[in-house]
Each structure stands twice: as C-alpha cells, then as structure tokens.
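**Student:** If you scroll down you'll find the structure; I have some questions about it.
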Amino acid sequence: EVGDLDIFSVEDVCDVGGGEPLFANFTFEDWALVQLRFDLYFLQLAYRRDVNDPERIGIHDSHIAFYYTKYFRKQLNPKYFGVSTNTELCKLVKDTVTIKDDMQVLTSVLAEDTETFDIFVKLTEEGRRERQRRIDAGDETAKLKFSPMAIQQPGPLKPATVPVTVPPSGVPRPASVWPQARPVAQQWTAAGRGATVFPQTSVAAGAAFRPQIQAGQRWTAPPAQAPTLYNVRPPNLAQQKWRS
C-alpha cells in the first residue's frame with residue numbers, strides 16, 4: 001500500500017505498484033502545496049541566475065510577491081494558504097524553501113539542480129502523512145484550509161509594445177496627417193455673430209454673399225424691408241421714466 005511505502009525509494013510516482021500513484025490520497029490542499037513548492041523553488045533559482053550577482057543571494061521578503069507575479073503571471077497572497085506573512089507561508093514548505101532570519105531573503109533548502117520534478121510530489125506526500133498522524137492524534141491545528149485561489153492559472157501574456165518612430169525635423173509629414181488645407185471650393189468665410197455661414201467658392205474675405213445667377217441675367221438687390229419687431233433695436237429701458 002502507499003501508506004507503508006518508503007517515499008524516497010519510489011522510482012515512478014505515477015505507479016508505485018498495481019497502477020496506484022503515490023499521490024492517490026492527495027486533496028486540494030496537497031496539490032496546492034505541490035505547486036507552491038515548485039513555484040517558490042524555481043522562483044529563487046531563476047532570480048539568482050538572472051541577476052548573476054554573488055552579492056544578491058536571493059529575493060528579499062518584501063519583493064517576493066512582485067517577482068512571483070513577474071515570473072509566473074500570478075498573484076502570491078499568503079492569505080490564500082491560511083497564513084499572514086511570507087515567512088509563515090514558507091514554513092508550510094520548509095523542506096523546499098525558507099526565508100533566512102538574518103537577511104530576510106528567499107533561499108532553497110534543496111540542491112541547486114534537482115534531477116526530477118518528482119521530489120516535489122514526494123515531499124508533499126511526506127508532509128501529508130505527518131499531518132495525518134497529527135490529526136489522528138487529535139491535533140486539530142494540523143488541518144489545512146486553503147482558499148480556492150491557492151491554485152491559479154497564469155494570466156495572459158501582454159502584447160509586445162511596438163516602438164514609435166519619430167521622424168526627424170525637416171521631414172515632410174504624410175498627406176494623411178492633419179492639419180490639411182481644405183480644397184479651394186470648400187473655403188469658409190468668417191461671419192459676424194448671428195449671421196448665417198455659407199460656403200464661398202471665389203468670394204474675397206469680408207465680401208457679401210450673392211446667389212449664383214444664370215448667364216445673361218442681372219442681379220438686383222432686394223428691396224429694403226420695412227422695420228419689424230425682429231430687426232428694430234429695442235430702446236434702452238434704463239433711460240425711460242415710468243409714469244405712475
């Protein structure tokens with residue numbers, strides 16, 4: 001049976017005998033711990049190889065969440081795992097990574113290069129057995145309650161930004177770039193306040209508008225209009241004296 005097997009002597013975690021996998025008794029919390037071990041181990045390993053600086057031995061506690069999102073496109077929140085700090089989070093997988101008390105950086109407990117990824121499954125099975133023994137002994141604090149967000153899928157990749165090329169000074173703009181000059185037949189003349197604006201084809205600025213007439217016809221000005229209520233300037237009421 002799986003419970004009586006020597007975990008670290010197993011060659012194939014998918015078949016320990018009779019087609020039964022080593023992770024046959026895993027629950028949601030166990031799979032979340034497998035992923036957490038995998039992510040934190042490769043997070044500290046990838047960071048040290050990327051910076052390639054012997055003075056930077058690991059990621060500082062305050063920067064773990066930032067670099068976790070940078071590498072895995074996921075959010076790392078200790079509250080998803082029922083704890084409050086990154087130090088408490090690493091204690092859940094203390095057989096894989098830890099945060100050193102003196103420098104507060106994330107470091108690995110395992111070897112520099114793991115031979116296979118089976119080690120994360122084996123360590124999780126070992127922790128599950130120990131936790132189950134404590135629960136059977138009446139230790140209720142050994143039970144784990146994780147949020148469904150403890151297991152996340154990576155977010156989508158951001159599209160690559162195309163660099164904007166700015167033409168040097170003196171280069172003419174393409175014809176499709178505004179401002180453009182309007183065609184001659186669509187020039188508009190300035191109009192006074194309240195006046196109607198008409199498109200002028202060949203009228204100079206400030207000239208009056210004349211309607212188009214046929215060849216041979218003569219245009220005459222319209223007769224003067226009699227004063228109406230609309231074109232008579234109202235009197236200055238402030239200067240009138242009212243009679244009682």
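To be explicit about the labels: the chains of the structure tokens are called A, B, and onward in the order shown, and within each one the residues are counted from 1, while ligands get numbers from 1 in the order they are shown.
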Hey, what's within 6 Å of segment 86-97 of chain A if we count only C-alpha atoms and toss same-chain stuff fewer than 2 positions away? As a ChimeraX atom specification, please?
**Tutor:** /A:78,107-110
**Student:** With a distance cut-off of 10 Å and only C-alpha atoms, select the neighbouring residues of Ala65 of chain A, excluding the residue or stretch itself and same-chain residues fewer than 5 positions from it, and output the selection as a count of residues only.
**Tutor:** 9
**Student:** I'd like to know which of A:Gln44, A:Tyr68, A:Phe81, A:Phe26 is closest to Pro154 of chain A, using only C-alpha atoms.
**Tutor:**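 For Pro154 of chain A, the nearest of the given residues is A:Tyr68.
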